[in-house]
Amino acid sequence: MIYDPASTNPLAGNPLKTHTDMRRALTDLFNPLLPYFSEGNARVRIDGAGAHFDRAAADLEGFARPLWGLAPLGAGSGDFGHWDRYAEGLANGVDPQHPEYWGTVNGRDQRMVELAALGFALALVPDKIWEPLDQRARDNLITYLKHARTFDYADNNWKFFRIFVDIALDRLGASFDRSLTESYLNELDGFYIGDGWYRDGDVRRIDHYIPFAMHFYGLIYSKLVNDDRAERYRERATLFARDFRHWFAPDGATIPFGRSLTYRFACAGFWSALAFADVEALPWGEIKGLCLKHLRWWADKPIANRDGTLPIGFAYPNLLMSENYNSAGSPYWAFKAFLPLALKETHPFWTAEEKPLENEPAIVPQKHPGMVLIRSKADVVALSSGQENQQMRFGAEKYSKFAYSARYGFSVESDERIFAGGAFDSMLAFSDDGLHYRVRETNEEAKLAGDTLYAKWSPYPDVTVETWLVPAAPWHVRLHKITTPRPLQTAEGGFAIARRDLEADTLSSATGAAYAVGEEDFSGILDLGSTVERQGIAQKAPPNTNLIASKTLVPQLRATIPAGETILVSAVLAEKDPSAVGSAWTKPPARPDIDALRALVTEKGITVSAIEAPGRLP
């Protein structure tokens with residue numbers, strides 16, 4: 001037998017349709033962790049890879065993150081035979097005299113993140129991990145939690161972590177300064193933009209942290225705490241659901257976008273949290289379908305090591321796409337998807353019949369994240385302008401590409417010195433030496449006019465690019481006006497599709513066009529009348545750069561542009577249909593008129609929320 005990496009995925013073969021299926025999925029995902037628990041059960045260390053924080057915090061991460069799923073399982077009377085490990089590990093982890101002590105928080109610290117999971121579990125299942133503790137362990141735990149909350153948490157979704165600790169302290173009868181809780185709740189409200197959307201802090205980015213963090217924690221709060229703020233969280237989540245549903249393709253895939261994608265099916269956490277909080281933001285059948293179809297999308301992907309543990313990566317093990325805060329235990333935030341296990345099987349989430357989304361428009365503009373979504377039978381593509389992340393690795397690739405696809409994902413570059421070999425999917429790259437390159441990293445302006453996106457950006461301080469993105473389903477059109485004082489080499493890529501072994505794919509490279517035909521997919525890019533001639537190439541991208549397929553093909557157009565003004569216009573197509581080469585590919589959209597696009601943005605353009613100057617709302 002030849003080893004099939006997908007066969008060790010703990011979700012493989014699970015129909016993931018019922019309450020019982022979800023319980024099985026959780027335990028199948030958790031059990032491979034058991035050999036990695038330390039002797040005193042306070043630490044879980046899967047491998048030797050490091051994060052920017054210390055090893056004790058990473059080991060706590062491996063211990064704590066599964067509780068996002070295990071606590072709901074316990075609350076729903078599910079069978080779990082290892083609560084004794086968690087009670088013992090909790091007692092030892094907060095004991096300064098024990099060799100497995102987690103270490104003392106002495107400032108902004110990763111431990112703050114993981115204590116939120118403990119706070120959640122202590123609030124939800126105190127009978128499992130609090131009541132078994134002796135008085136000394138209880139005193140140590142309260143002391144540890146109270147000490148950690150005295151420090152300032154990061155100015156983003158982290159503020160919820162102290163609130164979860166406070167909820168636990170309140171339920172355990174501890175005394176603490178509740179004014180700190182209120183101040184953080186007020187500061188979190190300052191990140192709210194409107195229409196259900198938040199920023200994750202004072203930053204120009206709006207990514208999956210909005211559903212699987214800001215709303216996820218707010219919805220849990222609304223279930224555990226009965227106050228006016230809880231009702232606001234529920235109202236905001238209801239508004240957000242109407243937009244976020246469009247990020248999911250019919251097969252359950254969501255658009256990979258932004259950081260922390262190694263959390264994988266945490267992307268379903270928002271739908272799970274709606275169920276947990278009893279918020280019917282959409283019909284229950286649609287919420288259930290969005291949640292479970294997303295889990296099913298993962299079931300045939302090679303996402304696990306041979307022993308069933310989840311490595312860093314997205315659709316396959318991949319350290320290249322990781323953040324510097326990803327430890328071996330980080331992927332287990334995926335367990336956020338299992339909140340519905342706290343519900344009885346008679347809950348309408350479980351009794352409802354799964355339903356596809358109704359009345360889905362083909363084109364969906366969203367001004368807050370700066371996206372125009374193009375929906376089809378096998379994909380959702382998000383045209384994107386207005387976001388940035390210049391603090392983290394591959395921020396340009398994760399936030400600043402022109403398009404992101406639920407089916408084709410996106411790629412991170414593997415070498416800043418291989419302009420000739422770069423993937424550049426959904427990017428326009430520039431090089432002044434043929435070796436190094438620049439791409440869009442941030443925007444000076446970003447506007448949405450109807451379903452057209454506009455951005456002004458600079459790959460170099462002396463080079464200006466204006467970009468218009470226009471949906472033309474199943475295509476999209478990109479028009480760039482470039483002003484440069486010197487000649488530059490350029491490369492513009494379409495979507496990355498899976499590449500087969502043995503050169504089995506069909507590649508076409510011609511003047512003004514390039515395409516690739518794979519086993520299941522077609523991808524092409526076509527010049528629509530640029531002011532310079534561009535040569536098409538079917539690029540064999542470096543391996544392990546794409547999030548979904550480990551080997552890919554990316555059609556590109558390349559040219560050297562002169563000093564002065566250049567107009568580049570291209571049409572991009574990718575479909576789950578190899579025969580598109582003889583159908584959709586032969587019917588490209590018309591070249592847009594730049595003056596008409598400029599007039600449209602001037603008359604109807606509204607600034608994308610993500611790029612507006614961050615700051616607290618009054």
# chains A, B, ... in the order shown; residues from 1 in each chain; ligands from 1
>>> residues_around(residues="Pro126 of chain A", least_positions_apart="4", cutoff="10 Å", atoms="only C-alpha atoms", output="short mmCIF file (atom, residue, chain, number, x, y, z; two decimals) with N, CA, C and O atoms, in the first residue's frame")
data_model
loop_
_atom_site.label_atom_id
_atom_site.label_comp_id
_atom_site.auth_asym_id
_atom_site.auth_seq_id
_atom_site.Cartn_x
_atom_site.Cartn_y
_atom_site.Cartn_z
N ALA A 71 -14.95 21.51 26.46
CA ALA A 71 -15.89 22.08 27.43
C ALA A 71 -17.33 22.00 26.93
O ALA A 71 -18.22 21.58 27.68
N GLY A 74 -18.44 18.42 27.33
CA GLY A 74 -18.80 18.11 28.71
C GLY A 74 -20.11 18.75 29.13
O GLY A 74 -20.92 18.13 29.83
N ALA A 75 -20.34 19.98 28.69
CA ALA A 75 -21.58 20.67 29.04
C ALA A 75 -22.79 19.98 28.43
O ALA A 75 -23.90 20.04 28.98
N GLY A 119 -10.76 29.89 31.33
CA GLY A 119 -11.89 30.62 31.88
C GLY A 119 -13.21 30.13 31.32
O GLY A 119 -14.19 29.95 32.06
N PHE A 120 -13.23 29.89 30.02
CA PHE A 120 -14.43 29.36 29.37
C PHE A 120 -14.80 28.00 29.95
O PHE A 120 -15.97 27.75 30.30
N ALA A 121 -13.82 27.11 30.10
CA ALA A 121 -14.10 25.78 30.62
C ALA A 121 -14.53 25.82 32.08
O ALA A 121 -15.44 25.08 32.50
N LEU A 122 -13.89 26.67 32.87
CA LEU A 122 -14.28 26.79 34.28
C LEU A 122 -15.71 27.30 34.42
O LEU A 122 -16.44 26.90 35.33
N TRP A 130 -12.90 22.01 38.21
CA TRP A 130 -12.78 22.82 39.41
C TRP A 130 -13.11 22.02 40.67
O TRP A 130 -12.32 21.98 41.61
N GLU A 131 -14.23 21.38 40.63
CA GLU A 131 -14.67 20.65 41.82
C GLU A 131 -13.70 19.54 42.23
O GLU A 131 -13.55 19.27 43.43
N PRO A 132 -13.00 18.87 41.30
CA PRO A 132 -12.04 17.84 41.73
C PRO A 132 -10.79 18.40 42.43
O PRO A 132 -10.03 17.63 43.02
N ALA A 168 -15.11 33.55 34.69
CA ALA A 168 -14.80 32.38 35.51
C ALA A 168 -14.63 32.77 36.98
O ALA A 168 -15.17 32.11 37.87
N ARG A 171 -17.94 33.33 38.59
CA ARG A 171 -18.70 32.10 38.85
C ARG A 171 -18.08 31.26 39.96
O ARG A 171 -18.78 30.48 40.62
N LEU A 172 -16.78 31.43 40.16
CA LEU A 172 -16.11 30.67 41.22
C LEU A 172 -16.15 31.40 42.56
O LEU A 172 -15.61 30.92 43.55
#
>>> closest_atom_pairs(of="segment 398-492 of chain A", to="segment 516-537 of chain A", cutoff="9 Å", atoms="only C-alpha atoms", output="Markdown table")
| residue | atom | partner | partner_atom | distance |
| --- | --- | --- | --- | --- |
| A:Val477 | CA | A:Leu528 | CA | 8.9 |
| A:Leu479 | CA | A:Ser530 | CA | 8.9 |
| A:Glu492 | CA | A:Ile525 | CA | 8.7 |
>>> write_last_selection(atoms="all heavy atoms", output="short mmCIF file (atom, residue, chain, number, x, y, z; two decimals), in the first residue's frame")
data_model
loop_
_atom_site.label_atom_id
_atom_site.label_comp_id
_atom_site.auth_asym_id
_atom_site.auth_seq_id
_atom_site.Cartn_x
_atom_site.Cartn_y
_atom_site.Cartn_z
N VAL A 477 -11.90 41.64 -14.25
CA VAL A 477 -11.01 42.49 -15.04
C VAL A 477 -10.19 43.36 -14.10
O VAL A 477 -10.69 43.87 -13.11
CB VAL A 477 -11.82 43.37 -16.01
CG1 VAL A 477 -10.91 44.32 -16.77
CG2 VAL A 477 -12.61 42.50 -16.99
N LEU A 479 -7.48 46.67 -14.24
CA LEU A 479 -6.86 47.73 -15.03
C LEU A 479 -5.92 48.50 -14.11
O LEU A 479 -6.32 48.94 -13.03
CB LEU A 479 -7.93 48.66 -15.62
CG LEU A 479 -7.44 49.70 -16.64
CD1 LEU A 479 -8.55 50.04 -17.62
CD2 LEU A 479 -6.94 50.98 -15.97
N GLU A 492 2.25 39.70 -13.73
CA GLU A 492 0.90 39.68 -13.16
C GLU A 492 0.32 38.28 -13.29
O GLU A 492 0.33 37.69 -14.38
CB GLU A 492 0.00 40.69 -13.86
CG GLU A 492 -1.39 40.75 -13.24
CD GLU A 492 -2.22 41.92 -13.75
OE1 GLU A 492 -1.80 42.57 -14.74
OE2 GLU A 492 -3.29 42.18 -13.16
#
>>> residues_around(residues="Arg417 of chain A", least_positions_apart="6", cutoff="10 Å", atoms="only C-alpha atoms", output="list in words")
Ser431, Asp433, Gly434, Leu435, His436 and Tyr437 of chain A
>>> write_last_selection(atoms="C-alpha atoms", output="mmCIF file, in the first residue's frame")
data_model
loop_
_atom_site.group_PDB
_atom_site.id
_atom_site.type_symbol
_atom_site.label_atom_id
_atom_site.label_comp_id
_atom_site.auth_asym_id
_atom_site.auth_seq_id
_atom_site.Cartn_x
_atom_site.Cartn_y
_atom_site.Cartn_z
ATOM 1 C CA SER A 431 11.379 44.437 -10.337
ATOM 2 C CA ASP A 433 16.912 44.370 -11.204
ATOM 3 C CA GLY A 434 15.261 41.144 -12.375
ATOM 4 C CA LEU A 435 15.987 39.555 -9.013
ATOM 5 C CA HIS A 436 14.202 41.365 -6.177
ATOM 6 C CA TYR A 437 10.587 42.460 -6.464
#
>>> residues_around(residues="Met392 of chain A", least_positions_apart="5", cutoff="10 Å", atoms="only C-alpha atoms", output="JSON list (two decimals) with C-alpha atoms, in the first residue's frame")
[["chain", "number", "residue", "atom", "x", "y", "z"],
["A", 259, "ARG", "CA", -3.58, 35.61, 9.15],
["A", 322, "SER", "CA", 2.70, 30.30, 9.37],
["A", 323, "GLU", "CA", 2.90, 33.29, 11.66],
["A", 324, "ASN", "CA", 5.70, 33.68, 14.17],
["A", 325, "TYR", "CA", 3.18, 33.13, 16.96],
["A", 398, "LYS", "CA", -2.42, 37.49, 3.06]]
>>> residues_around(residues="Gly285 of chain A", least_positions_apart="4", cutoff="9 Å", atoms="only C-alpha atoms", output="number ranges by chain")
A: 289-290, 348-356
>>> closest_residue(among="A:Lys159, A:Ala148, A:Asn389, A:Pro72", to="Ala275 of chain A", atoms="only C-alpha atoms")
A:Pro72
>>> residues_around(residues="Ile287 of chain A", least_positions_apart="5", cutoff="12 Å", atoms="only C-alpha atoms", output="VMD selection string")
chain A and resid 238 241 to 242 244 to 245 248 252 268 to 276 278 to 282 292 to 294 340 348 to 358
>>> closest_atom_pairs(of="segment 100-187 of chain A", to="segment 50-59 of chain A", cutoff="9 Å", atoms="only C-alpha atoms", output="JSON lines")
{"residue": "A:Glu100", "atom": "CA", "partner": "A:Ala56", "partner_atom": "CA", "distance": 8.2}
{"residue": "A:Tyr101", "atom": "CA", "partner": "A:Ala56", "partner_atom": "CA", "distance": 8.0}
{"residue": "A:Trp102", "atom": "CA", "partner": "A:Ala56", "partner_atom": "CA", "distance": 5.5}
{"residue": "A:Gly103", "atom": "CA", "partner": "A:Ala56", "partner_atom": "CA", "distance": 6.8}
{"residue": "A:Asp109", "atom": "CA", "partner": "A:Phe53", "partner_atom": "CA", "distance": 7.9}
{"residue": "A:Gln110", "atom": "CA", "partner": "A:Ala57", "partner_atom": "CA", "distance": 6.2}
{"residue": "A:Arg111", "atom": "CA", "partner": "A:Ala57", "partner_atom": "CA", "distance": 5.7}
{"residue": "A:Glu114", "atom": "CA", "partner": "A:Ala57", "partner_atom": "CA", "distance": 8.4}
>>> write_last_selection(atoms="all heavy atoms", output="tab-separated table (two decimals), in the first residue's frame")
chain	number	residue	atom	x	y	z
A	100	GLU	N	6.08	21.35	36.29
A	100	GLU	CA	5.33	21.66	35.07
A	100	GLU	C	4.58	22.99	35.17
A	100	GLU	O	3.68	23.28	34.37
A	100	GLU	CB	4.38	20.51	34.74
A	100	GLU	CG	5.11	19.23	34.39
A	100	GLU	CD	4.20	18.09	33.96
A	100	GLU	OE1	3.01	18.35	33.69
A	100	GLU	OE2	4.67	16.94	33.90
A	101	TYR	N	4.94	23.79	36.14
A	101	TYR	CA	4.35	25.13	36.30
A	101	TYR	C	4.44	25.89	34.97
A	101	TYR	O	5.45	25.85	34.28
A	101	TYR	CB	5.12	25.87	37.39
A	101	TYR	CG	4.67	27.28	37.67
A	101	TYR	CD1	3.35	27.57	38.00
A	101	TYR	CD2	5.59	28.34	37.62
A	101	TYR	CE1	2.96	28.87	38.28
A	101	TYR	CE2	5.21	29.65	37.90
A	101	TYR	CZ	3.88	29.90	38.22
A	101	TYR	OH	3.49	31.19	38.51
A	102	TRP	N	3.36	26.58	34.64
A	102	TRP	CA	3.30	27.27	33.35
A	102	TRP	C	4.13	28.55	33.30
A	102	TRP	O	4.31	29.12	32.23
A	102	TRP	CB	1.83	27.61	33.01
A	102	TRP	CG	1.00	26.41	32.71
A	102	TRP	CD1	1.40	25.26	32.10
A	102	TRP	CD2	-0.38	26.23	33.02
A	102	TRP	NE1	0.35	24.38	31.99
A	102	TRP	CE2	-0.77	24.96	32.55
A	102	TRP	CE3	-1.35	27.02	33.64
A	102	TRP	CZ2	-2.06	24.45	32.69
A	102	TRP	CZ3	-2.63	26.53	33.78
A	102	TRP	CH2	-2.98	25.26	33.31
A	103	GLY	N	4.61	29.00	34.43
A	103	GLY	CA	5.36	30.25	34.45
A	103	GLY	C	4.45	31.42	34.80
A	103	GLY	O	3.25	31.41	34.55
A	109	ASP	N	1.61	38.58	27.35
A	109	ASP	CA	2.13	37.23	27.38
A	109	ASP	C	1.14	36.29	26.68
A	109	ASP	O	-0.08	36.41	26.83
A	109	ASP	CB	2.29	36.82	28.86
A	109	ASP	CG	3.07	35.56	29.09
A	109	ASP	OD1	2.81	34.56	28.40
A	109	ASP	OD2	3.94	35.56	29.98
A	110	GLN	N	1.68	35.30	25.96
A	110	GLN	CA	0.83	34.31	25.30
A	110	GLN	C	-0.06	33.56	26.29
A	110	GLN	O	-1.13	33.09	25.94
A	110	GLN	CB	1.69	33.32	24.52
A	110	GLN	CG	0.91	32.29	23.72
A	110	GLN	CD	0.14	32.90	22.57
A	110	GLN	OE1	0.49	33.99	22.09
A	110	GLN	NE2	-0.92	32.24	22.12
A	111	ARG	N	0.37	33.45	27.53
A	111	ARG	CA	-0.44	32.77	28.54
A	111	ARG	C	-1.81	33.44	28.69
A	111	ARG	O	-2.80	32.77	28.98
A	111	ARG	CB	0.29	32.75	29.88
A	111	ARG	CG	1.54	31.88	29.89
A	111	ARG	CD	2.43	32.19	31.09
A	111	ARG	NE	3.67	31.43	31.06
A	111	ARG	CZ	4.73	31.76	30.33
A	111	ARG	NH1	4.70	32.83	29.54
A	111	ARG	NH2	5.83	31.02	30.35
A	114	GLU	N	-4.26	31.81	26.30
A	114	GLU	CA	-4.69	30.46	26.62
A	114	GLU	C	-5.55	30.41	27.89
A	114	GLU	O	-6.38	29.51	28.05
A	114	GLU	CB	-3.48	29.54	26.75
A	114	GLU	CG	-2.49	29.64	25.59
A	114	GLU	CD	-3.13	29.69	24.20
A	114	GLU	OE1	-4.16	29.02	23.99
A	114	GLU	OE2	-2.60	30.42	23.34
